[in-house]
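Participant: This is model20.txt (compact mmCIF, C-alpha atoms).
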```txt
# COMPACT_ATOMS: atom_id res chain seq x y z
CA MET A 308 49.40 15.39 19.77
CA SER A 309 47.35 13.49 22.36
CA SER A 310 44.91 10.62 21.95
CA LEU A 311 41.60 10.89 23.79
CA ALA A 312 39.59 8.00 25.21
CA LYS A 313 35.80 7.98 25.33
CA GLY A 314 34.59 10.49 27.94
CA GLN A 315 37.99 12.17 28.25
CA ASN A 316 38.30 15.95 27.82
CA ALA A 317 41.11 18.43 27.32
CA PRO A 318 41.38 22.24 27.13
CA LEU A 319 41.74 23.91 23.76
CA PRO A 320 44.83 26.09 23.33
CA GLY A 321 43.06 28.76 21.27
CA PRO A 322 39.69 30.00 20.03
CA ASP A 323 39.87 28.41 16.56
CA VAL A 324 39.91 24.68 15.83
CA VAL A 325 39.26 22.39 12.88
CA ILE A 326 37.63 18.97 13.21
CA SER A 327 38.02 16.33 10.53
CA VAL A 328 37.14 12.65 10.43
CA ASP A 329 38.43 9.55 8.69
CA VAL A 330 35.67 7.07 7.91
CA ALA A 331 36.02 3.76 6.03
CA ALA A 332 32.66 4.28 4.27
CA PRO A 333 30.90 7.23 2.58
CA ALA A 334 29.67 9.52 5.34
CA ASP A 335 28.70 13.09 6.15
CA VAL A 336 30.09 15.37 8.84
CA SER A 337 27.64 17.75 10.50
CA ALA A 338 27.36 19.87 13.62
CA LEU A 339 24.68 20.56 16.22
CA LEU A 340 24.88 23.72 18.32
CA VAL A 341 23.14 22.94 21.59
CA THR A 342 22.23 24.82 24.75
CA GLU A 343 23.07 23.78 28.29
CA ALA A 344 19.97 21.56 28.15
CA GLY A 345 21.42 19.72 25.15
CA LYS A 346 18.81 21.08 22.73
CA VAL A 347 19.08 23.11 19.55
CA ARG A 348 17.32 26.47 19.50
CA SER A 349 16.14 26.43 15.88
CA ASP A 350 17.05 25.14 12.43
CA ALA A 351 19.89 27.70 12.34
CA ASP A 352 21.75 25.51 14.83
CA PHE A 353 22.19 22.75 12.24
CA VAL A 354 25.38 22.91 10.16
CA PHE A 355 25.40 20.38 7.33
CA PHE A 356 25.95 20.07 3.58
CA ASN A 357 22.85 22.08 2.61
CA GLN A 358 23.42 24.70 5.35
CA PRO A 359 27.21 24.88 5.70
CA SER A 360 27.36 27.97 7.92
CA GLY A 361 26.14 28.54 11.46
CA PRO A 362 27.04 30.95 14.25
CA GLY A 363 30.76 30.37 14.82
CA VAL A 364 30.78 27.14 12.77
CA GLN A 365 31.45 26.46 9.09
CA LEU A 366 31.55 23.23 7.12
CA ARG A 367 34.20 23.40 4.40
CA ASN A 368 35.42 20.45 2.35
CA GLY A 369 34.10 17.96 4.87
CA ARG A 370 35.74 19.67 7.84
CA LEU A 371 34.17 21.68 10.63
CA HIS A 372 35.84 25.03 11.31
CA ILE A 373 34.90 26.33 14.74
CA SER A 374 35.63 29.83 16.02
CA THR A 375 34.55 29.92 19.65
CA THR A 376 34.55 33.74 19.66
CA GLY A 377 31.60 33.64 17.22
CA VAL A 378 29.54 31.11 19.16
CA PRO A 379 26.46 32.67 20.86
CA ALA A 380 26.56 32.94 24.63
CA ASP A 381 23.61 30.58 25.11
CA ILE A 382 25.28 27.79 23.13
CA ALA A 383 27.06 25.42 25.50
CA ALA A 384 28.49 22.91 23.02
CA ILE A 385 29.13 22.18 19.34
CA ARG A 386 28.66 18.46 18.65
CA THR A 387 30.34 16.82 15.69
CA VAL A 388 28.11 14.19 14.08
CA ILE A 389 29.12 11.49 11.58
CA THR A 390 26.32 9.96 9.50
CA LEU A 391 26.78 7.02 7.15
CA ASP A 392 25.40 7.68 3.68
CA ASP A 393 23.96 4.19 3.41
CA THR A 394 21.52 3.95 6.29
CA SER A 395 21.24 0.19 5.84
CA ARG A 396 24.87 -0.18 6.95
CA SER A 397 26.35 0.35 10.41
CA PHE A 398 29.67 1.47 11.84
CA GLY A 399 30.26 -2.02 13.20
CA GLN A 400 30.79 -3.22 9.62
CA PHE A 401 33.82 -0.98 9.11
CA ALA A 402 37.01 0.09 10.83
CA PRO A 403 36.27 2.59 13.65
CA PRO A 404 36.11 6.22 12.49
CA VAL A 405 38.91 8.50 13.68
CA THR A 406 38.29 12.13 14.69
CA HIS A 407 41.12 14.67 14.40
CA VAL A 408 41.14 18.00 16.26
CA LEU A 409 43.52 20.51 14.67
CA ASP A 410 44.50 24.08 15.45
CA ALA A 411 43.81 26.94 13.04
CA ALA A 412 47.11 26.32 11.24
CA GLY A 413 46.30 22.64 10.73
CA ALA A 414 48.63 21.29 13.40
CA PRO A 415 47.22 18.19 15.14
CA LEU A 416 46.05 18.63 18.73
CA PHE A 417 44.01 15.51 19.57
CA ASP A 418 42.85 12.27 17.99
CA TYR A 419 39.91 10.11 19.04
CA VAL A 420 39.26 6.62 17.67
CA VAL A 421 35.50 6.16 17.95
CA ASP A 422 35.54 2.48 18.82
CA GLY A 423 32.92 0.19 20.34
CA LEU A 424 30.26 0.93 17.70
CA THR A 425 28.13 -1.96 16.41
CA SER A 426 24.67 -1.36 14.89
CA GLU A 427 24.82 2.45 14.86
CA SER A 428 24.66 4.45 11.62
CA VAL A 429 24.96 7.87 13.30
CA VAL A 430 27.42 8.88 16.02
CA ILE A 431 28.30 12.02 17.96
CA ALA A 432 32.08 11.81 17.78
CA VAL A 433 33.37 14.78 19.79
CA GLU A 434 32.03 18.01 21.20
CA VAL A 435 33.65 21.38 21.73
CA TYR A 436 32.12 22.81 24.88
CA GLN A 437 32.51 25.64 27.35
CA ARG A 438 32.97 25.16 31.08
CA ASN A 439 33.68 28.04 33.49
CA GLY A 440 34.82 30.29 30.66
CA GLN A 441 37.22 27.68 29.25
CA TRP A 442 36.62 25.96 25.91
CA LYS A 443 37.41 22.25 25.87
CA VAL A 444 37.04 19.20 23.66
CA ARG A 445 35.46 15.94 24.82
CA ALA A 446 35.46 12.50 23.22
CA VAL A 447 31.78 11.47 23.16
CA GLY A 448 31.28 8.41 20.96
CA GLN A 449 27.50 8.25 21.41
CA GLY A 450 25.94 6.22 18.60
CA TYR A 451 22.34 5.84 17.44
CA ALA A 452 21.11 2.52 16.05
CA GLY A 453 17.83 4.24 15.13
CA GLY A 454 19.76 6.66 12.95
CA PHE A 455 18.66 10.17 12.18
CA ALA A 456 15.27 9.94 13.91
CA ASP A 457 16.79 9.02 17.26
CA LEU A 458 19.44 11.71 16.98
CA VAL A 459 17.04 14.60 16.39
CA ARG A 460 14.64 13.32 19.02
CA ASP A 461 17.48 13.47 21.55
CA HIS A 462 18.15 17.07 20.58
CA GLY A 463 14.59 18.28 20.80
CA VAL A 464 13.72 19.04 17.22
CA SER A 465 11.83 17.61 14.28
CA VAL A 466 13.17 18.50 10.83
CA ASP A 467 9.99 17.29 9.11
CA ASP A 468 8.62 20.81 8.95
CA ALA A 469 5.15 21.23 7.53
CA PRO A 470 4.76 23.90 4.83
CA ALA A 471 3.34 27.25 5.72
CA PRO A 472 -0.42 27.52 5.39
CA PRO A 473 -1.78 29.20 2.27
CA ALA A 474 -2.65 32.87 2.38
CA PRO A 475 -6.25 33.54 3.44
CA ALA A 476 -8.70 34.09 0.64
CA PRO A 477 -9.79 37.72 0.07
CA PRO A 478 -13.21 38.62 1.47
CA SER A 479 -16.15 38.15 -0.81
CA PRO A 480 -17.36 41.43 -2.35
CA ALA A 481 -20.95 40.65 -1.44
CA PRO A 482 -22.80 38.22 0.81
CA GLN A 483 -23.45 34.91 -0.88
CA PRO A 484 -26.13 32.33 -0.07
CA PRO A 485 -24.85 29.25 1.72
CA ALA A 486 -23.45 26.62 -0.63
CA PRO A 487 -24.41 22.95 -0.33
CA ALA A 488 -21.95 20.68 1.41
CA PRO A 489 -19.23 19.51 -1.01
CA GLN A 490 -19.34 15.89 -2.10
CA GLN A 491 -15.61 15.56 -2.63
CA ALA A 492 -12.66 16.70 -0.56
CA PRO A 493 -10.53 19.40 -2.20
CA PRO A 494 -7.50 18.01 -4.10
CA SER A 495 -5.01 19.19 -1.53
CA TYR A 496 -4.92 20.57 1.98
CA THR A 497 -2.60 21.99 4.53
CA PRO A 498 -1.57 19.19 6.90
CA PRO A 499 -2.43 19.40 10.60
CA PRO A 500 0.32 20.44 12.99
CA SER A 501 2.92 17.99 14.16
CA GLN A 502 2.28 17.09 17.77
CA PRO A 503 5.24 17.52 20.13
CA GLN A 504 6.69 14.20 21.19
CA ASN A 505 8.60 13.80 24.44
CA GLY A 506 8.37 17.54 24.97
CA ALA A 507 10.17 18.27 21.70
CA PRO A 508 9.65 21.75 20.19
CA GLN A 509 8.28 21.85 16.67
CA TYR A 510 9.29 24.44 14.11
CA GLY A 511 7.02 25.84 11.41
CA ALA A 512 3.79 27.76 11.22
CA PRO A 513 0.56 26.39 12.73
CA GLN A 514 -1.37 24.23 10.31
CA GLN A 515 -5.02 23.67 9.58
CA GLN A 516 -6.84 20.39 10.08
CA PRO A 517 -7.50 18.41 6.88
CA PRO A 518 -11.04 18.14 5.57
CA ALA A 519 -13.18 15.13 6.30
CA PRO A 520 -12.42 12.20 3.98
CA ALA A 521 -14.39 12.14 0.79
CA ALA A 522 -17.22 9.68 0.40
CA ALA A 523 -17.13 7.40 -2.63
CA PRO A 524 -19.19 4.42 -3.77
CA GLU A 525 -18.22 1.05 -2.36
CA VAL A 526 -17.12 -1.54 -4.88
CA ASN A 527 -16.80 -5.32 -4.80
CA LEU A 528 -13.74 -7.49 -5.34
CA SER A 529 -13.33 -9.99 -8.13
CA LYS A 530 -10.19 -11.95 -8.99
CA ASP A 531 -11.11 -11.73 -12.67
CA ARG A 532 -11.64 -7.97 -12.66
CA PRO A 533 -9.14 -6.15 -10.43
CA VAL A 534 -10.59 -2.94 -9.05
CA SER A 535 -8.85 0.30 -9.96
CA LEU A 536 -9.61 2.47 -6.96
CA VAL A 537 -9.99 6.23 -6.96
CA LYS A 538 -9.28 8.48 -4.01
CA GLY A 539 -11.84 8.01 -1.25
CA GLN A 540 -13.26 4.81 -2.69
CA LYS A 541 -14.00 1.95 -0.28
CA VAL A 542 -13.86 -1.76 -1.00
CA SER A 543 -15.06 -4.61 1.21
CA LEU A 544 -12.38 -7.22 1.85
CA ARG A 545 -14.69 -10.00 0.74
CA LYS A 546 -14.48 -11.92 -2.49
CA GLU A 547 -17.38 -12.85 -4.70
CA GLY A 548 -19.90 -14.95 -2.80
CA GLY A 549 -19.26 -13.06 0.42
CA VAL A 550 -16.16 -15.07 1.40
CA ALA A 551 -14.06 -12.99 3.78
CA LEU A 552 -10.43 -12.42 2.92
CA THR A 553 -8.07 -13.51 5.67
CA GLN A 554 -4.55 -13.44 4.24
CA VAL A 555 -3.70 -10.42 2.09
CA TRP A 556 -0.60 -8.67 0.85
CA MET A 557 -0.32 -4.92 0.51
CA GLY A 558 2.24 -4.34 -2.22
CA LEU A 559 3.75 -0.88 -2.61
CA GLY A 560 5.93 0.28 -5.46
CA TRP A 561 7.52 3.35 -6.96
CA ASP A 562 10.03 4.43 -9.57
CA PRO A 563 12.53 7.19 -8.84
CA VAL A 564 12.84 10.16 -11.17
CA GLN A 565 16.52 10.30 -12.09
CA ARG A 566 17.62 13.77 -11.06
CA PRO A 567 20.68 15.20 -9.35
CA ALA A 568 20.70 14.39 -5.66
CA LYS A 569 18.61 16.62 -3.45
CA ARG A 570 19.75 15.73 0.00
CA GLY A 571 18.23 16.72 3.30
CA PHE A 572 19.65 17.28 6.75
CA PHE A 573 21.78 14.25 7.68
CA GLY A 574 19.87 12.57 4.88
CA GLY A 575 22.67 10.44 3.48
CA GLY A 576 22.08 9.57 -0.13
CA GLY A 577 25.69 8.97 -1.06
CA GLY A 578 25.69 11.65 -3.76
CA GLY A 579 23.40 9.67 -6.07
CA SER A 580 19.77 10.12 -6.98
CA ALA A 581 18.45 7.11 -5.03
CA ILE A 582 15.07 7.75 -3.43
CA ASP A 583 14.45 5.61 -0.37
CA LEU A 584 10.73 5.23 0.18
CA ASP A 585 9.50 3.20 3.13
CA ALA A 586 6.20 1.35 3.36
CA SER A 587 4.74 1.06 6.86
CA VAL A 588 1.51 0.10 8.56
CA LEU A 589 0.25 1.87 11.67
CA MET A 590 -1.99 -0.22 13.92
CA PHE A 591 -4.66 1.81 15.74
CA SER A 592 -7.00 1.05 18.61
CA GLN A 593 -9.68 3.61 19.49
CA GLY A 594 -7.73 6.43 17.91
CA GLN A 595 -4.34 5.54 19.46
CA CYS A 596 -1.44 4.08 17.52
CA VAL A 597 -0.49 0.91 19.42
CA GLU A 598 2.18 -0.53 17.12
CA THR A 599 4.01 0.30 13.89
CA VAL A 600 5.35 -2.25 11.43
CA TYR A 601 8.12 -0.77 9.30
CA PHE A 602 11.71 -1.47 8.18
CA GLY A 603 12.96 -1.21 11.76
CA HIS A 604 10.21 -3.45 13.22
CA LEU A 605 9.38 -6.00 10.55
CA LYS A 606 6.87 -8.11 12.48
CA ALA A 607 3.94 -7.21 14.67
CA LYS A 608 4.23 -8.62 18.17
CA ASP A 609 1.49 -11.15 17.41
CA ARG A 610 2.98 -11.79 13.92
CA SER A 611 -0.31 -10.81 12.28
CA ILE A 612 1.57 -8.32 10.08
CA ILE A 613 4.96 -9.02 8.48
CA HIS A 614 7.04 -6.56 6.44
CA SER A 615 9.18 -7.86 3.55
CA GLY A 616 12.14 -5.62 4.44
CA ASP A 617 13.61 -2.32 3.35
CA ASN A 618 14.09 -1.40 -0.33
CA LEU A 619 16.51 1.52 -0.48
CA THR A 620 16.13 2.63 -4.10
CA GLY A 621 12.84 1.56 -5.72
CA GLU A 622 14.79 -0.04 -8.57
CA GLY A 623 13.39 -3.10 -10.31
CA ALA A 624 10.00 -4.17 -11.52
CA GLY A 625 7.05 -5.11 -9.37
CA ASP A 626 6.42 -4.38 -5.72
CA ASP A 627 9.31 -2.70 -3.95
CA GLU A 628 8.03 -3.51 -0.48
CA VAL A 629 5.29 -5.93 0.58
CA ILE A 630 3.39 -6.09 3.85
CA SER A 631 1.63 -9.38 4.59
CA VAL A 632 -1.51 -9.06 6.72
CA ASN A 633 -3.34 -11.94 8.40
CA LEU A 634 -6.66 -10.24 9.04
CA ALA A 635 -7.98 -13.17 11.07
CA ALA A 636 -5.06 -12.83 13.51
CA ILE A 637 -5.32 -9.09 14.11
CA ALA A 638 -5.93 -8.49 17.82
CA PRO A 639 -9.60 -7.67 18.55
CA HIS A 640 -8.77 -4.26 19.99
CA VAL A 641 -7.08 -3.13 16.76
CA ASP A 642 -9.68 -1.41 14.61
CA ASN A 643 -7.67 0.41 11.92
CA LEU A 644 -4.60 -0.37 9.82
CA VAL A 645 -3.12 2.65 8.05
CA PHE A 646 -0.70 2.08 5.17
CA VAL A 647 1.71 4.95 4.58
CA VAL A 648 4.75 5.56 2.39
CA THR A 649 7.42 7.98 3.56
CA SER A 650 10.57 9.37 1.98
CA TYR A 651 13.42 8.65 4.40
CA ARG A 652 15.96 10.91 2.72
CA GLY A 653 13.60 13.83 2.33
CA GLN A 654 12.84 13.91 -1.39
CA THR A 655 9.24 14.77 -2.09
CA PHE A 656 6.80 12.75 -4.16
CA ALA A 657 7.36 15.28 -6.95
CA GLU A 658 10.54 13.25 -7.50
CA VAL A 659 8.70 9.91 -7.58
CA GLN A 660 6.62 8.43 -10.35
CA ASN A 661 4.32 5.42 -10.56
CA ALA A 662 3.77 5.20 -6.82
CA TYR A 663 1.01 2.70 -6.13
CA CYS A 664 -0.40 0.30 -3.59
CA ARG A 665 -2.21 -2.91 -4.48
CA LEU A 666 -4.14 -5.55 -2.58
CA ILE A 667 -3.33 -9.19 -3.31
CA ASP A 668 -5.21 -12.30 -2.16
CA GLN A 669 -2.36 -14.27 -0.58
CA SER A 670 -4.12 -17.61 -1.08
CA THR A 671 -4.40 -17.19 -4.88
CA ASN A 672 -1.80 -14.48 -5.55
CA ALA A 673 -4.51 -12.61 -7.46
CA GLU A 674 -4.46 -8.83 -7.54
CA LEU A 675 -7.81 -7.62 -6.22
CA ALA A 676 -7.43 -3.85 -6.12
CA ARG A 677 -4.91 -1.18 -7.02
CA TYR A 678 -4.62 2.49 -6.20
CA THR A 679 -2.15 4.56 -8.22
CA LEU A 680 -0.91 7.90 -6.98
CA ALA A 681 -1.41 10.22 -9.93
CA GLY A 682 0.95 13.17 -10.17
CA GLY A 683 3.77 14.33 -7.94
CA MET A 684 3.08 16.08 -4.65
CA PRO A 685 5.31 18.45 -2.62
CA PHE A 686 5.22 16.14 0.41
CA THR A 687 7.62 13.64 1.96
CA GLY A 688 4.87 11.21 2.97
CA VAL A 689 1.55 9.93 1.70
CA THR A 690 -1.30 8.05 3.34
CA MET A 691 -2.08 5.40 0.75
CA ALA A 692 -4.94 3.41 2.29
CA VAL A 693 -6.81 2.63 5.49
CA VAL A 694 -8.16 -0.83 6.37
CA HIS A 695 -10.96 -0.48 8.93
CA ARG A 696 -12.72 -3.13 11.00
CA GLU A 697 -16.52 -2.95 10.74
CA THR A 698 -19.26 -5.18 12.13
CA ASP A 699 -19.44 -7.17 8.88
CA GLY A 700 -15.69 -7.44 8.34
CA TRP A 701 -12.73 -5.41 7.13
CA LYS A 702 -12.98 -2.68 4.49
CA MET A 703 -10.25 -0.75 2.70
CA ARG A 704 -10.42 2.88 1.60
CA ALA A 705 -8.02 4.58 -0.82
CA ILE A 706 -6.74 7.86 0.63
CA GLY A 707 -3.82 9.29 -1.37
CA GLU A 708 -3.24 12.40 0.74
CA GLY A 709 0.20 13.86 1.35
CA PHE A 710 1.87 15.06 4.54
CA ASN A 711 5.30 16.23 5.61
CA GLY A 712 7.01 13.48 7.58
CA LYS A 713 9.93 11.21 6.72
CA THR A 714 9.18 8.36 9.11
CA ALA A 715 6.10 6.34 9.95
CA ASN A 716 5.76 7.73 13.47
CA LYS A 717 5.74 11.28 12.08
CA ALA A 718 2.64 10.31 10.10
CA ILE A 719 0.49 9.65 13.16
CA PRO A 720 -1.08 13.12 13.58
CA PHE A 721 -1.77 13.32 9.85
CA VAL A 722 -3.52 9.98 9.41
CA THR A 723 -5.87 10.07 12.38
CA PRO A 724 -8.56 12.06 10.49
CA TYR A 725 -8.95 9.05 8.17
CA LEU A 726 -9.59 6.42 10.81
CA GLY A 727 -12.87 4.61 10.30
```
Any chance you could give the structure as structure tokens?

Facilitator:
Amino acid sequence: MSSLAKGQNAPLPGPDVVISVDVAAPADVSALLVTEAGKVRSDADFVFFNQPSGPGVQLRNGRLHISTTGVPADIAAIRTVITLDDTSRSFGQFAPPVTHVLDAAGAPLFDYVVDGLTSESVVIAVEVYQRNGQWKVRAVGQGYAGGFADLVRDHGVSVDDAPAPPAPAPPSPAPQPPAPAPQQAPPSYTPPPSQPQNGAPQYGAPQQQPPAPAAAPEVNLSKDRPVSLVKGQKVSLRKEGGVALTQVWMGLGWDPVQRPAKRGFFGGGGGGSAIDLDASVLMFSQGQCVETVYFGHLKAKDRSIIHSGDNLTGEGAGDDEVISVNLAAIAPHVDNLVFVVTSYRGQTFAEVQNAYCRLIDQSTNAELARYTLAGGMPFTGVTMAVVHRETDGWKMRAIGEGFNGKTANKAIPFVTPYLG
């Protein structure tokens, strides 16, 4: 048996190998089948716990079994990925993972200690690759501090697929007179298409644009009578007497539905039923997202918006995550703040209950408005509210529309129709 150093490669003695890993923390082993360009071709090139078989690759009992004779000709490498279950932890907190390459009979061929990791929660440990007709193994050791999102971006794919559009309605049996314009948006819609980022291909059927936001009466704030907002309703961020709010909190909360784990691609989850929702605020200027405050970037550059930090489970009473907003300090070019909640591990809001957002006057700690998300939705993200700058001050509108995206940046194409 030989030990490999980072970047070192060695030829494989036969067409069949087994790759196993030793990790000092709960983790998942997965594989990416990539082309010469380092990109996957489709979802079929992911091998993980919910899709344990791919062309020439099988995941069995936490080990990857690779038969190079079954690997398609346009696949240049099979990359072994280790993902920590707890995305709030990093490899630097544990002993370095060790990768073992075995032959088909289980005899050890190579070991690689994946050292040098610090803040990373995902790492490509080794890859089995083909060069000039010869299959080899290489010690890679490439980690990702940004976790799953950075990994898939590097490999040219988004796994936040939007659902297929509904079937077209049958033609009307007879011409009908034109109907008046609807006053309310329909209760659900097919999200708009994800926009390719950095040239990344997107998988899934083309989507329709959402309808225009519904109009609803504007209401006033009172510390003695908190407003219970309905979808589409707008509220001026001024207290009684016309005093403008300057320091507000946006509190977001949820309770998980205790069900067996439903885990997504590289989604972690540790085998439990924890649902990790993330509250974020997208800062827009003239239709362009200029900054995002979320668990990975807790403070806006000008410190006008500060995030309380990541809550990984939703357990406990009260707000699970709080975003403090100093409206008076928001840069003049920023005209919209969009508050979204996304499901990092891929569970949909059908598995979440009591999701809400509420507006609190930071100076008095009084709750001024609350919007509760009624009913579960088959989406991994929801646009909760938009705060828009108008000539007479800031106004907030309750949205409550779902989309398919597990991170704040994936929400951008879905929230733009709601900008004021």

Participant: I need the residue nearest Tyr651 of chain A from this list: A:Gly712, A:Pro322, A:Pro639, A:Gly560. Use all atoms listed in the file for the distance.

Facilitator: A:Gly712

Participant: Write out as a list in words the residues lying within 9 Å of segment 308-316 of chain A, counting only C-alpha atoms and excluding same-chain residues fewer than 5 positions away.

Facilitator: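 Non-adjacent residues within range: Ala414, Pro415, Leu416, Phe417, Asp418, Tyr419, Val420, Val421, Asp422, Lys443, Val444, Arg445, Ala446, Val447 and Gly448 of chain A.
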
Participant: Any idea what the distance is between atom CA of Val347 of chain A and atom CA of Asp323 of chain A?

Facilitator: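 Answer for the atom CA of Val347 of chain A to atom CA of Asp323 of chain A separation: 21.7 Å.
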
Participant: Using all atoms listed in the file, determine which residues lie at most 6 Å from segment 364-374 of chain A, disregarding the query and same-chain residues fewer than 3 positions distant; provide the list as number ranges by chain.

Facilitator: A: 322-327, 359-361, 377

Participant: I want to know what sits within 8 Å of Ile431 of chain A, based on only C-alpha atoms, with residues of the same chain fewer than 4 positions away left out; could you give that as a PyMOL selection string?

Facilitator: chain A and resi 386-389+447-450

Participant: Would you mind listing what lies within 7 Å of segment 607-613 of chain A as a PyMOL selection string, with all atoms listed in the file counted and same-chain residues fewer than 6 positions away left out?

Facilitator: chain A and resi 600+630-633+636-637

Participant: So how many Å separate atom CA of Pro685 of chain A and atom CA of Thr599 of chain A, to one decimal?

Facilitator: 24.6 Å

Participant: Please determine, counting all atoms listed in the file, which residue among A:Lys713, A:His462, A:Arg545, A:Arg704 has the shortest atom-to-atom distance to Cys664 of chain A.

Facilitator: A:Arg704

Participant: Atom CA of Val645 of chain A and atom CA of Ile719 of chain A, how far apart in Å?

Facilitator: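 Distance between the two atoms: 9.4 Å.
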
Participant: Which residue, A:Ala432, A:Ala705, A:Ala412, A:Ala452, has the smallest gap to Lys538 of chain A when you use only C-alpha atoms?

Facilitator: A:Ala705

Participant: Could you please give me, as an NGL selection string, the residues of protein, DNA or RNA lying at most 12 Å from (-8.0, -1.3, -6.7) in the coordinate frame of the file, considering only C-alpha atoms?

Facilitator: :A and (525-530 or 532-544 or 557-558 or 663-667 or 673-680 or 691-692 or 703-706)

Participant: A:Gly399, A:Gly345, A:Gly688, A:Pro333: which is nearest Asp381 of chain A, counting all atoms listed in the file?

Facilitator: A:Gly345
